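For reference, entry-v6.cif (mmCIF, C-alpha atoms and all ligand atoms):
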```
data_start
loop_
_atom_site.group_PDB
_atom_site.id
_atom_site.type_symbol
_atom_site.label_atom_id
_atom_site.label_comp_id
_atom_site.auth_asym_id
_atom_site.auth_seq_id
_atom_site.Cartn_x
_atom_site.Cartn_y
_atom_site.Cartn_z
ATOM 1 C CA MET A 1 17.358 -5.304 -8.056
ATOM 2 C CA GLN A 2 16.186 -8.786 -8.912
ATOM 3 C CA ALA A 3 16.371 -11.940 -6.804
ATOM 4 C CA ASN A 4 16.663 -11.540 -3.055
ATOM 5 C CA ARG A 5 15.836 -7.851 -3.143
ATOM 6 C CA ARG A 6 13.494 -8.586 -0.266
ATOM 7 C CA HIS A 7 16.395 -9.443 2.003
ATOM 8 C CA PHE A 8 19.503 -7.535 1.082
ATOM 9 C CA PHE A 9 18.925 -4.180 2.711
ATOM 10 C CA ASN A 10 19.790 -3.315 6.249
ATOM 11 C CA ALA A 11 20.020 -0.110 8.236
ATOM 12 C CA GLN A 12 23.823 -0.004 8.109
ATOM 13 C CA ALA A 13 24.095 -0.569 4.373
ATOM 14 C CA ALA A 14 21.574 2.062 3.331
ATOM 15 C CA PRO A 15 23.451 5.301 4.173
ATOM 16 C CA ALA A 16 26.691 3.903 2.710
ATOM 17 C CA ALA A 17 24.915 3.031 -0.532
ATOM 18 C CA ALA A 18 23.611 6.607 -0.759
ATOM 19 C CA GLU A 19 27.135 7.941 -1.213
ATOM 20 C CA SER A 20 27.663 5.839 -4.310
ATOM 21 C CA ALA A 21 24.215 6.463 -5.824
ATOM 22 C CA PRO A 22 24.540 7.468 -9.473
ATOM 23 C CA ALA A 23 23.575 11.076 -10.117
ATOM 24 C CA GLY A 24 21.061 10.146 -12.821
ATOM 25 C CA ARG A 25 18.959 8.257 -10.312
ATOM 26 C CA SER A 26 17.646 11.400 -8.653
ATOM 27 C CA ALA A 27 14.541 11.405 -10.881
ATOM 28 C CA HIS A 28 13.021 8.820 -8.577
ATOM 29 C CA TRP A 29 13.822 8.424 -4.926
ATOM 30 C CA HIS A 30 15.772 5.430 -3.724
ATOM 31 C CA VAL A 31 15.839 3.787 -0.323
ATOM 32 C CA SER A 32 19.529 4.641 -0.072
ATOM 33 C CA ASP A 33 18.699 8.383 -0.346
ATOM 34 C CA LEU A 34 17.273 8.282 3.166
ATOM 35 C CA ASP A 35 19.620 8.723 6.109
ATOM 36 C CA PHE A 36 18.283 6.212 8.603
ATOM 37 C CA SER A 37 21.007 7.185 11.088
ATOM 38 C CA ARG A 38 19.175 10.502 11.569
ATOM 39 C CA ILE A 39 16.018 8.847 12.936
ATOM 40 C CA ASP A 40 14.811 10.514 16.118
ATOM 41 C CA ARG A 41 13.970 7.255 17.884
ATOM 42 C CA GLN A 42 12.492 8.947 20.914
ATOM 43 C CA ALA A 43 9.825 10.512 18.709
ATOM 44 C CA VAL A 44 8.539 7.160 17.480
ATOM 45 C CA GLU A 45 9.726 4.085 19.426
ATOM 46 C CA ARG A 46 6.981 4.207 22.048
ATOM 47 C CA ASN A 47 4.216 4.680 19.488
ATOM 48 C CA GLU A 48 2.431 1.328 19.524
ATOM 49 C CA ASP A 49 -0.002 2.278 16.745
ATOM 50 C CA LEU A 50 2.782 3.290 14.349
ATOM 51 C CA PHE A 51 4.669 0.089 15.152
ATOM 52 C CA PHE A 52 1.728 -2.056 14.016
ATOM 53 C CA LEU A 53 0.872 0.166 11.040
ATOM 54 C CA LEU A 54 4.434 0.330 9.715
ATOM 55 C CA VAL A 55 5.323 -3.331 10.195
ATOM 56 C CA SER A 56 2.091 -4.568 8.609
ATOM 57 C CA ALA A 57 2.600 -2.161 5.676
ATOM 58 C CA SER A 58 6.178 -3.459 5.244
ATOM 59 C CA PHE A 59 4.808 -7.024 5.009
ATOM 60 C CA ILE A 60 2.158 -6.265 2.407
ATOM 61 C CA GLU A 61 4.530 -4.201 0.263
ATOM 62 C CA THR A 62 7.232 -6.866 0.436
ATOM 63 C CA GLY A 63 4.692 -9.479 -0.653
ATOM 64 C CA SER A 64 3.944 -7.435 -3.808
ATOM 65 C CA ASP A 65 6.042 -9.572 -6.136
ATOM 66 C CA THR A 66 3.501 -12.385 -5.870
ATOM 67 C CA TYR A 67 0.815 -10.025 -7.103
ATOM 68 C CA ALA A 68 3.056 -8.377 -9.684
ATOM 69 C CA ALA A 69 3.843 -11.694 -11.378
ATOM 70 C CA ASN A 70 0.131 -12.538 -11.531
ATOM 71 C CA LEU A 71 -0.753 -9.137 -12.911
ATOM 72 C CA ALA A 72 1.985 -9.117 -15.553
ATOM 73 C CA GLU A 73 0.719 -12.503 -16.718
ATOM 74 C CA HIS A 74 -2.851 -11.168 -16.807
ATOM 75 C CA TYR A 75 -1.752 -8.396 -19.198
ATOM 76 C CA ALA A 76 0.643 -10.515 -21.282
ATOM 77 C CA ALA A 77 -1.294 -9.512 -24.422
ATOM 78 C CA TYR A 78 -0.387 -5.843 -23.750
ATOM 79 C CA PRO A 79 3.441 -5.634 -23.754
ATOM 80 C CA GLU A 80 3.596 -1.977 -22.621
ATOM 81 C CA ILE A 81 1.422 -2.629 -19.584
ATOM 82 C CA SER A 82 3.112 -5.853 -18.659
ATOM 83 C CA ALA A 83 6.582 -4.251 -19.017
ATOM 84 C CA TRP A 84 5.582 -1.325 -16.777
ATOM 85 C CA LEU A 85 4.206 -3.729 -14.172
ATOM 86 C CA LYS A 86 7.436 -5.708 -14.082
ATOM 87 C CA ASP A 87 9.992 -2.903 -14.482
ATOM 88 C CA HIS A 88 8.419 -0.076 -12.507
ATOM 89 C CA TRP A 89 5.408 -0.981 -10.445
ATOM 90 C CA GLU A 90 6.837 -4.144 -8.883
ATOM 91 C CA ALA A 91 10.241 -2.547 -8.195
ATOM 92 C CA GLU A 92 8.632 0.473 -6.550
ATOM 93 C CA GLU A 93 6.264 -1.567 -4.380
ATOM 94 C CA LEU A 94 9.161 -3.772 -3.285
ATOM 95 C CA GLN A 95 11.215 -0.697 -2.477
ATOM 96 C CA HIS A 96 8.367 0.482 -0.239
ATOM 97 C CA GLY A 97 8.663 -2.825 1.595
ATOM 98 C CA GLN A 98 12.467 -2.549 1.870
ATOM 99 C CA ALA A 99 12.446 1.021 3.103
ATOM 100 C CA LEU A 100 9.747 0.314 5.683
ATOM 101 C CA ARG A 101 11.651 -2.744 6.843
ATOM 102 C CA VAL A 102 14.893 -0.791 7.259
ATOM 103 C CA TYR A 103 12.987 1.831 9.232
ATOM 104 C CA VAL A 104 11.248 -0.742 11.465
ATOM 105 C CA GLU A 105 14.517 -2.582 12.158
ATOM 106 C CA ALA A 106 16.263 0.676 13.022
ATOM 107 C CA VAL A 107 13.596 1.688 15.546
ATOM 108 C CA TRP A 108 12.558 -1.721 16.923
ATOM 109 C CA PRO A 109 15.737 -3.823 16.461
ATOM 110 C CA ARG A 110 14.548 -6.806 18.518
ATOM 111 C CA PHE A 111 11.524 -7.378 16.288
ATOM 112 C CA PRO A 112 12.262 -10.582 14.284
ATOM 113 C CA TRP A 113 11.158 -9.100 10.955
ATOM 114 C CA GLN A 114 12.201 -11.977 8.698
ATOM 115 C CA GLN A 115 10.691 -14.658 10.900
ATOM 116 C CA ALA A 116 7.426 -12.734 11.261
ATOM 117 C CA TYR A 117 7.330 -11.984 7.532
ATOM 118 C CA ASP A 118 7.854 -15.649 6.630
ATOM 119 C CA SER A 119 4.920 -16.699 8.781
ATOM 120 C CA PHE A 120 2.797 -13.879 7.279
ATOM 121 C CA PHE A 121 3.797 -14.842 3.736
ATOM 122 C CA GLY A 122 2.878 -18.500 4.299
ATOM 123 C CA GLU A 123 -0.720 -17.389 4.748
ATOM 124 C CA TYR A 124 -0.764 -14.347 2.442
ATOM 125 C CA SER A 125 0.669 -16.105 -0.632
ATOM 126 C CA LYS A 126 -2.356 -18.398 -0.694
ATOM 127 C CA LEU A 127 -4.621 -15.349 -1.100
ATOM 128 C CA CYS A 128 -2.710 -13.989 -4.135
ATOM 129 C CA THR A 129 -3.732 -16.138 -7.069
ATOM 130 C CA VAL A 130 -4.632 -15.275 -10.639
ATOM 131 C CA GLU A 131 -8.204 -16.330 -9.853
ATOM 132 C CA GLU A 132 -8.409 -13.369 -7.474
ATOM 133 C CA LEU A 133 -8.088 -10.988 -10.440
ATOM 134 C CA TYR A 134 -11.034 -9.846 -12.512
ATOM 135 C CA PRO A 135 -10.997 -11.983 -15.680
ATOM 136 C CA ASP A 136 -11.885 -8.843 -17.668
ATOM 137 C CA GLN A 137 -8.650 -6.824 -18.065
ATOM 138 C CA ARG A 138 -10.508 -3.504 -18.085
ATOM 139 C CA LEU A 139 -12.255 -4.267 -14.800
ATOM 140 C CA GLU A 140 -9.015 -5.399 -13.182
ATOM 141 C CA MET A 141 -7.574 -1.973 -14.076
ATOM 142 C CA VAL A 142 -10.538 -0.401 -12.271
ATOM 143 C CA ALA A 143 -9.821 -2.621 -9.261
ATOM 144 C CA ARG A 144 -6.134 -1.551 -9.338
ATOM 145 C CA CYS A 145 -7.252 2.089 -9.259
ATOM 146 C CA VAL A 146 -9.218 1.299 -6.098
ATOM 147 C CA VAL A 147 -6.222 -0.406 -4.482
ATOM 148 C CA GLU A 148 -3.877 2.497 -5.306
ATOM 149 C CA THR A 149 -6.478 4.958 -4.038
ATOM 150 C CA GLY A 150 -6.512 2.974 -0.797
ATOM 151 C CA THR A 151 -2.716 2.983 -0.459
ATOM 152 C CA THR A 152 -2.516 6.702 -1.303
ATOM 153 C CA ALA A 153 -5.040 7.487 1.432
ATOM 154 C CA TYR A 154 -3.317 5.097 3.856
ATOM 155 C CA TYR A 155 0.170 6.605 3.486
ATOM 156 C CA HIS A 156 -1.223 10.122 3.490
ATOM 157 C CA THR A 157 -2.808 9.301 6.857
ATOM 158 C CA LEU A 158 0.299 7.594 8.247
ATOM 159 C CA ARG A 159 2.378 10.608 7.254
ATOM 160 C CA GLU A 160 0.041 12.829 9.240
ATOM 161 C CA LEU A 161 0.466 10.539 12.263
ATOM 162 C CA SER A 162 4.256 10.793 12.112
ATOM 163 C CA ASP A 163 6.217 13.221 14.302
ATOM 164 C CA GLU A 164 9.549 11.790 13.177
ATOM 165 C CA PRO A 165 11.287 13.605 10.253
ATOM 166 C CA VAL A 166 12.871 10.578 8.492
ATOM 167 C CA LEU A 167 9.565 8.701 8.658
ATOM 168 C CA THR A 168 7.638 11.713 7.380
ATOM 169 C CA GLU A 169 10.027 11.977 4.441
ATOM 170 C CA LEU A 170 9.783 8.254 3.680
ATOM 171 C CA LEU A 171 5.982 8.208 3.871
ATOM 172 C CA GLY A 172 5.833 11.235 1.573
ATOM 173 C CA HIS A 173 7.888 9.378 -1.061
ATOM 174 C CA ILE A 174 5.715 6.295 -0.792
ATOM 175 C CA ARG A 175 2.483 8.287 -1.000
ATOM 176 C CA ASN A 176 3.726 10.031 -4.169
ATOM 177 C CA ASP A 177 4.557 6.664 -5.743
ATOM 178 C CA GLU A 178 1.063 5.378 -4.956
ATOM 179 C CA VAL A 179 -0.470 8.418 -6.678
ATOM 180 C CA SER A 180 1.745 7.737 -9.691
ATOM 181 C CA HIS A 181 0.662 4.069 -9.741
ATOM 182 C CA TYR A 182 -2.959 5.156 -9.655
ATOM 183 C CA LYS A 183 -2.350 7.498 -12.603
ATOM 184 C CA HIS A 184 -0.738 4.728 -14.637
ATOM 185 C CA PHE A 185 -3.557 2.272 -13.970
ATOM 186 C CA LEU A 186 -6.127 4.926 -14.841
ATOM 187 C CA LYS A 187 -4.303 5.767 -18.083
ATOM 188 C CA TYR A 188 -4.119 2.092 -19.083
ATOM 189 C CA PHE A 189 -7.773 1.620 -18.192
ATOM 190 C CA LYS A 190 -8.729 4.538 -20.459
ATOM 191 C CA GLU A 191 -6.690 3.071 -23.307
ATOM 192 C CA LEU A 192 -8.293 -0.357 -22.959
ATOM 193 C CA GLN A 193 -11.684 1.271 -22.639
ATOM 194 C CA GLN A 194 -11.152 3.149 -25.892
ATOM 195 C CA GLU A 195 -10.323 -0.073 -27.674
ATOM 196 C CA ALA A 196 -13.457 -1.910 -26.467
ATOM 197 C CA PRO A 197 -15.632 -0.110 -23.899
ATOM 198 C CA VAL A 198 -17.147 -1.840 -20.902
ATOM 199 C CA GLY A 199 -20.441 -0.474 -19.483
ATOM 200 C CA ARG A 200 -20.617 1.915 -16.505
ATOM 201 C CA ALA A 201 -22.684 -0.528 -14.443
ATOM 202 C CA ARG A 202 -19.879 -3.099 -14.608
ATOM 203 C CA ILE A 203 -17.263 -0.449 -13.819
ATOM 204 C CA ALA A 204 -19.306 0.631 -10.792
ATOM 205 C CA GLY A 205 -19.625 -3.041 -9.758
ATOM 206 C CA ALA A 206 -15.843 -3.508 -9.892
ATOM 207 C CA LEU A 207 -15.268 -0.269 -7.959
ATOM 208 C CA TYR A 208 -17.682 -1.236 -5.229
ATOM 209 C CA GLY A 209 -16.572 -4.882 -5.114
ATOM 210 C CA ARG A 210 -12.888 -4.018 -4.668
ATOM 211 C CA LEU A 211 -13.649 -1.243 -2.207
ATOM 212 C CA LYS A 212 -15.489 -3.716 0.010
ATOM 213 C CA GLU A 213 -12.540 -6.128 -0.132
ATOM 214 C CA LEU A 214 -10.090 -3.393 0.936
ATOM 215 C CA ARG A 215 -11.266 -3.620 4.497
ATOM 216 C CA GLU A 216 -10.863 -7.359 4.659
ATOM 217 C CA SER A 217 -8.027 -9.888 4.508
ATOM 218 C CA ASP A 218 -4.674 -8.229 3.669
ATOM 219 C CA SER A 219 -4.167 -5.821 6.543
ATOM 220 C CA ASP A 220 -5.843 -8.173 9.000
ATOM 221 C CA VAL A 221 -3.551 -11.064 8.047
ATOM 222 C CA ALA A 222 -0.500 -8.803 8.380
ATOM 223 C CA LEU A 223 -1.558 -7.374 11.741
ATOM 224 C CA ARG A 224 -2.104 -10.837 13.208
ATOM 225 C CA HIS A 225 1.435 -11.902 12.312
ATOM 226 C CA VAL A 226 2.965 -8.678 13.663
ATOM 227 C CA TRP A 227 1.058 -9.224 16.891
ATOM 228 C CA ALA A 228 2.243 -12.832 17.188
ATOM 229 C CA HIS A 229 5.915 -11.793 16.875
ATOM 230 C CA LYS A 230 6.036 -8.533 18.792
ATOM 231 C CA GLY A 231 7.817 -10.187 21.737
ATOM 232 C CA ASP A 232 8.295 -7.887 24.701
ATOM 233 C CA TYR A 233 7.622 -4.675 22.773
ATOM 234 C CA PHE A 234 4.702 -2.738 24.249
ATOM 235 C CA ALA A 235 4.368 -5.247 27.072
ATOM 236 C CA GLY A 236 2.473 -2.658 29.102
ATOM 237 C CA GLY A 237 0.234 -1.770 26.128
ATOM 238 C CA THR A 238 -2.836 -3.359 24.620
ATOM 239 C CA THR A 239 -3.357 -6.894 25.868
ATOM 240 C CA ARG A 240 -5.858 -8.243 23.316
ATOM 241 C CA PHE A 241 -5.277 -8.422 19.557
ATOM 242 C CA GLU A 242 -8.900 -7.497 18.816
ATOM 243 C CA ASP A 243 -8.621 -4.290 20.877
ATOM 244 C CA MET A 244 -5.431 -3.236 19.113
ATOM 245 C CA ALA A 245 -6.841 -4.005 15.648
ATOM 246 C CA GLN A 246 -10.059 -2.129 16.398
ATOM 247 C CA ARG A 247 -8.167 0.907 17.697
ATOM 248 C CA ILE A 248 -5.910 1.008 14.647
ATOM 249 C CA TYR A 249 -8.809 0.700 12.210
ATOM 250 C CA GLU A 250 -10.622 3.532 13.970
ATOM 251 C CA LEU A 251 -7.502 5.677 14.070
ATOM 252 C CA VAL A 252 -6.894 5.282 10.338
ATOM 253 C CA SER A 253 -10.500 5.472 9.151
ATOM 254 C CA ARG A 254 -11.170 8.652 11.169
ATOM 255 C CA ARG A 255 -8.362 10.447 9.379
ATOM 256 C CA LEU A 256 -8.654 9.018 5.867
ATOM 257 C CA PRO A 257 -8.817 11.798 3.279
ATOM 258 C CA ALA A 258 -12.237 10.615 2.038
ATOM 259 C CA ASP A 259 -12.766 13.536 -0.324
ATOM 260 C CA LEU A 260 -9.505 12.851 -2.130
ATOM 261 C CA ALA A 261 -10.299 9.125 -2.204
ATOM 262 C CA VAL A 262 -13.739 9.706 -3.719
ATOM 263 C CA ARG A 263 -12.348 11.982 -6.436
ATOM 264 C CA MET A 264 -9.849 9.262 -7.336
ATOM 265 C CA LEU A 265 -12.460 6.494 -7.164
ATOM 266 C CA LEU A 266 -14.850 8.293 -9.489
ATOM 267 C CA LYS A 267 -12.319 8.872 -12.264
ATOM 268 C CA PRO A 268 -12.594 5.395 -13.851
ATOM 269 C CA MET A 269 -16.334 5.990 -14.314
ATOM 270 C CA LEU A 270 -15.345 8.504 -17.030
ATOM 271 C CA LEU A 271 -18.385 10.600 -16.178
ATOM 272 C CA PRO A 272 -19.035 14.009 -17.708
ATOM 273 C CA PRO A 273 -17.843 16.637 -15.163
ATOM 274 C CA ARG A 274 -21.383 17.780 -14.269
ATOM 275 C CA VAL A 275 -22.563 14.239 -13.560
ATOM 276 C CA GLU A 276 -19.422 13.569 -11.507
ATOM 277 C CA GLU A 277 -20.246 16.639 -9.433
ATOM 278 C CA LEU A 278 -23.801 15.350 -8.839
ATOM 279 C CA VAL A 279 -22.848 11.860 -7.691
ATOM 280 C CA ARG A 280 -19.856 12.890 -5.572
ATOM 281 C CA THR A 281 -21.769 13.491 -2.336
ATOM 282 C CA PRO A 282 -23.742 10.204 -2.294
ATOM 283 C CA ILE A 283 -20.598 8.276 -3.279
ATOM 284 C CA PHE A 284 -18.651 10.101 -0.578
ATOM 285 C CA ARG A 285 -21.193 8.910 2.036
ATOM 286 C CA LEU A 286 -21.080 5.355 0.717
ATOM 287 C CA ALA A 287 -17.275 5.256 0.601
ATOM 288 C CA THR A 288 -16.953 6.673 4.103
ATOM 289 C CA ARG A 289 -19.320 3.976 5.362
ATOM 290 C CA VAL A 290 -17.498 1.188 3.560
ATOM 291 C CA MET A 291 -14.044 2.445 4.564
ATOM 292 C CA SER A 292 -14.871 2.952 8.242
ATOM 293 C CA TYR A 293 -14.642 -0.165 10.322
HETATM 294 FE FE FE B 301 3.300 0.603 -2.158
HETATM 295 FE FE FE B 302 1.123 1.149 -5.358
#
```

I need this file expressed as C-alpha cells, please.
Amino acid sequence: MQANRRHFFNAQAAPAAAESAPAGRSAHWHVSDLDFSRIDRQAVERNEDLFFLLVSASFIETGSDTYAANLAEHYAAYPEISAWLKDHWEAEELQHGQALRVYVEAVWPRFPWQQAYDSFFGEYSKLCTVEELYPDQRLEMVARCVVETGTTAYYHTLRELSDEPVLTELLGHIRNDEVSHYKHFLKYFKELQQEAPVGRARIAGALYGRLKELRESDSDVALRHVWAHKGDYFAGGTTRFEDMAQRIYELVSRRLPADLAVRMLLKPMLLPPRVEELVRTPIFRLATRVMSY
C-alpha cells in the first residue's frame, strides 16, 4: 500500500479482495475484511448527521499522509519511532480514510467524494506544516496523545450513534486502532522523558494547548467542504451550514466519553496515582468545557 492508496479502493473491489486476503493478516483488521455488500442502507442513508460526520472523518483520515511525513521527519533522530510512524501509524490512518470512503460511497453513491476531497485538501494541506509541530519532540508526543484521545472519543461516540451493523463494526475497528496509537505515543513519550525529562508545567501547557486546538480548524474545514458538495442529498434538511455544524458539535460533545478522555489525557503527566486521583475532577470539568462547543 504505497502510492495512490488514497484512490484505489472501491465498494466493489473490497469484498472480492477479502477472499484472497492472506491468513496471516488476521492480526490486524483490513478494509477488505468488511463486507460492504451487507450494509443495511435503510438504517443509515437518511441520517444527515452521520453523513456529515462520516464524510468529514474520511477526509481528515485520508489527509493523514501529509502529517505522517512531517512527523516522521520530526523524529528522524529516533529510527524506531520514525519507522513506526511510516510503517504502521500512517498506513492505519490511511486505511481509516479508505474504509470510511468505501462506506460513504456505498451509502451515498452520488456524493462526489474525490472532487470534494480535492477541494478540502487544497485548504487542509496548507495547515499541515512542520512548523505546526511542537519543536520539542517530547511535547509533540504529548500533543499526539491528545489528538489520539480525541479520535478515540470521537469514534467511540460515532459507534454509539450507529444503528447499522457494518458501520458499527468498522467504527469499532477504527476506535481500537486509535487507542493503540495513543498507547504507542504514550510509550514513546515515556522513553524520551526518561532520556531527558521535561517539566510538568510544560507538559500541562502542551496538553492544554493541543486540547484547545482540537475544537478548531480540522473538522470545521472538512465539514465546510462536505457541505459545499452534498448536492441534492438532504435537500429537505438543514438549510444553513452554521446550523448543521452547531447541531453536529452539540450532538458529539454531549456524548463524548469525557471520563475516559480525561484518564487518557492525564497519563502523560506521569503523576503519582494519588495525585492523579486528586486532579481528575477539576481536569474533567476543564476538559468538558473545552471540548463542548
Ligand atoms: Fe484514524
Ligand atoms: Fe490515530

* Please indicate the distance in Å from CA of Leu50 in chain A to CA of Ile283 in chain A, rounded to one decimal place. =>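 Separation between CA of Leu50 in chain A and CA of Ile283 in chain A: 29.7 Å.
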
Rows by chain and residue number, chain A within 6 Å of ligand FE 301 (chain B), shortest pair, only C-alpha atoms and all ligand atoms, as a tab-separated table:
```
residue	atom	partner	partner_atom	distance
A:Glu61	CA	B:FE301	FE	5.5
A:Glu93	CA	B:FE301	FE	4.3
A:His96	CA	B:FE301	FE	5.4
A:Glu178	CA	B:FE301	FE	6.0
```

* Enumerate, as a PyMOL selection string, the residues matched when the PyMOL selection byres (((not hetatm)) within 8 of (chain B and resi 302)) is run on the file above. => chain A and resi 89+92-93+147-148+151-152+177-182

* Asked: Smallest atom-to-atom distance to Gln42 in chain A: which of A:Thr239, A:His184, A:Tyr154, A:Glu164, using only C-alpha atoms?
  ->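 Closest candidate: A:Glu164.
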
* To do: Starting from the displayed file, determine the output of the PyMOL selection byres (((chain A and resi 264-272) around 7) and not hetatm) and express the residue list as a PyMOL selection string.
  => chain A and resi 142+146+149+186+200+203+260-263+273-276

Keeping only C-alpha atoms, write those residues as a PDB file, in the frame of the given file.
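This is the output file result-v8.pdb:
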```
ATOM      1  CA  VAL A 142     -10.538  -0.401 -12.271  1.00  0.00           C
ATOM      2  CA  VAL A 146      -9.218   1.299  -6.098  1.00  0.00           C
ATOM      3  CA  THR A 149      -6.478   4.958  -4.038  1.00  0.00           C
ATOM      4  CA  LEU A 186      -6.127   4.926 -14.841  1.00  0.00           C
ATOM      5  CA  ARG A 200     -20.617   1.915 -16.505  1.00  0.00           C
ATOM      6  CA  ILE A 203     -17.263  -0.449 -13.819  1.00  0.00           C
ATOM      7  CA  LEU A 260      -9.505  12.851  -2.130  1.00  0.00           C
ATOM      8  CA  ALA A 261     -10.299   9.125  -2.204  1.00  0.00           C
ATOM      9  CA  VAL A 262     -13.739   9.706  -3.719  1.00  0.00           C
ATOM     10  CA  ARG A 263     -12.348  11.982  -6.436  1.00  0.00           C
ATOM     11  CA  PRO A 273     -17.843  16.637 -15.163  1.00  0.00           C
ATOM     12  CA  ARG A 274     -21.383  17.780 -14.269  1.00  0.00           C
ATOM     13  CA  VAL A 275     -22.563  14.239 -13.560  1.00  0.00           C
ATOM     14  CA  GLU A 276     -19.422  13.569 -11.507  1.00  0.00           C
TER      15      GLU A 276
END
```

* Excluding same-chain residues fewer than 5 positions from range 221-228 of chain A, what lies within 10 Å of it counting all atoms listed in the file, as a VMD selection string? -> chain A and resid 51 to 60 111 to 113 115 to 121 123 to 124 216 233 240 to 242 244 to 245 248

Writer output for current selection, C-alpha atoms, as a compact mmCIF listing (two decimals), in the coordinates of the input:
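Just written: part_37.txt:
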```
# COMPACT_ATOMS: atom_id res chain seq x y z
CA PHE A 51 4.67 0.09 15.15
CA PHE A 52 1.73 -2.06 14.02
CA LEU A 53 0.87 0.17 11.04
CA LEU A 54 4.43 0.33 9.72
CA VAL A 55 5.32 -3.33 10.20
CA SER A 56 2.09 -4.57 8.61
CA ALA A 57 2.60 -2.16 5.68
CA SER A 58 6.18 -3.46 5.24
CA PHE A 59 4.81 -7.02 5.01
CA ILE A 60 2.16 -6.26 2.41
CA PHE A 111 11.52 -7.38 16.29
CA PRO A 112 12.26 -10.58 14.28
CA TRP A 113 11.16 -9.10 10.96
CA GLN A 115 10.69 -14.66 10.90
CA ALA A 116 7.43 -12.73 11.26
CA TYR A 117 7.33 -11.98 7.53
CA ASP A 118 7.85 -15.65 6.63
CA SER A 119 4.92 -16.70 8.78
CA PHE A 120 2.80 -13.88 7.28
CA PHE A 121 3.80 -14.84 3.74
CA GLU A 123 -0.72 -17.39 4.75
CA TYR A 124 -0.76 -14.35 2.44
CA GLU A 216 -10.86 -7.36 4.66
CA TYR A 233 7.62 -4.68 22.77
CA ARG A 240 -5.86 -8.24 23.32
CA PHE A 241 -5.28 -8.42 19.56
CA GLU A 242 -8.90 -7.50 18.82
CA MET A 244 -5.43 -3.24 19.11
CA ALA A 245 -6.84 -4.00 15.65
CA ILE A 248 -5.91 1.01 14.65
```

* Distance CA of Phe189 in chain A-CA of Trp29 in chain A, one decimal place? ->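 Result for CA of Phe189 in chain A versus CA of Trp29 in chain A: 26.2 Å, one decimal.
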
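Reported to one decimal place, the separation of CA of Pro135 in chain A from CA of Gly199 in chain A is 15.4 Å.
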
Hey, what comes out of the PyMOL selection byres (((chain A and resi 171) around 9) and not hetatm) on this file? Could you write it as a PDB file with C-alpha atoms, in the frame of the given file?
```pdb
ATOM      1  CA  LEU A 100       9.747   0.314   5.683  1.00  0.00           C
ATOM      2  CA  TYR A 155       0.170   6.605   3.486  1.00  0.00           C
ATOM      3  CA  HIS A 156      -1.223  10.122   3.490  1.00  0.00           C
ATOM      4  CA  LEU A 158       0.299   7.594   8.247  1.00  0.00           C
ATOM      5  CA  ARG A 159       2.378  10.608   7.254  1.00  0.00           C
ATOM      6  CA  SER A 162       4.256  10.793  12.112  1.00  0.00           C
ATOM      7  CA  VAL A 166      12.871  10.578   8.492  1.00  0.00           C
ATOM      8  CA  LEU A 167       9.565   8.701   8.658  1.00  0.00           C
ATOM      9  CA  THR A 168       7.638  11.713   7.380  1.00  0.00           C
ATOM     10  CA  GLU A 169      10.027  11.977   4.441  1.00  0.00           C
ATOM     11  CA  LEU A 170       9.783   8.254   3.680  1.00  0.00           C
ATOM     12  CA  GLY A 172       5.833  11.235   1.573  1.00  0.00           C
ATOM     13  CA  HIS A 173       7.888   9.378  -1.061  1.00  0.00           C
ATOM     14  CA  ILE A 174       5.715   6.295  -0.792  1.00  0.00           C
ATOM     15  CA  ARG A 175       2.483   8.287  -1.000  1.00  0.00           C
ATOM     16  CA  ASN A 176       3.726  10.031  -4.169  1.00  0.00           C
TER      17      ASN A 176
END
```

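In this comparison, which uses only C-alpha atoms, the residue of A:Pro257, A:Leu139, A:Leu94, A:Glu48 approaching Val198 in chain A most closely is A:Leu139.
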
Determine, counting all atoms listed in the file, which protein, DNA and RNA residues have an atom within 8 Å of an atom of Ile81 in chain A; residues of the same chain fewer than 6 positions away are not included. Present the result as a PDB file with C-alpha atoms, keeping the file's coordinate frame.
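This went into result_22.pdb:
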```
ATOM      1  CA  ALA A  72       1.985  -9.117 -15.553  1.00  0.00           C
ATOM      2  CA  TYR A  75      -1.752  -8.396 -19.198  1.00  0.00           C
ATOM      3  CA  TYR A 188      -4.119   2.092 -19.083  1.00  0.00           C
TER       4      TYR A 188
END
```

* Nearest to Arg254 in chain A by atom-to-atom distance, counting all atoms listed in the file, from A:Arg202, A:Gly122, A:Leu161, A:Ser37 -> A:Leu161
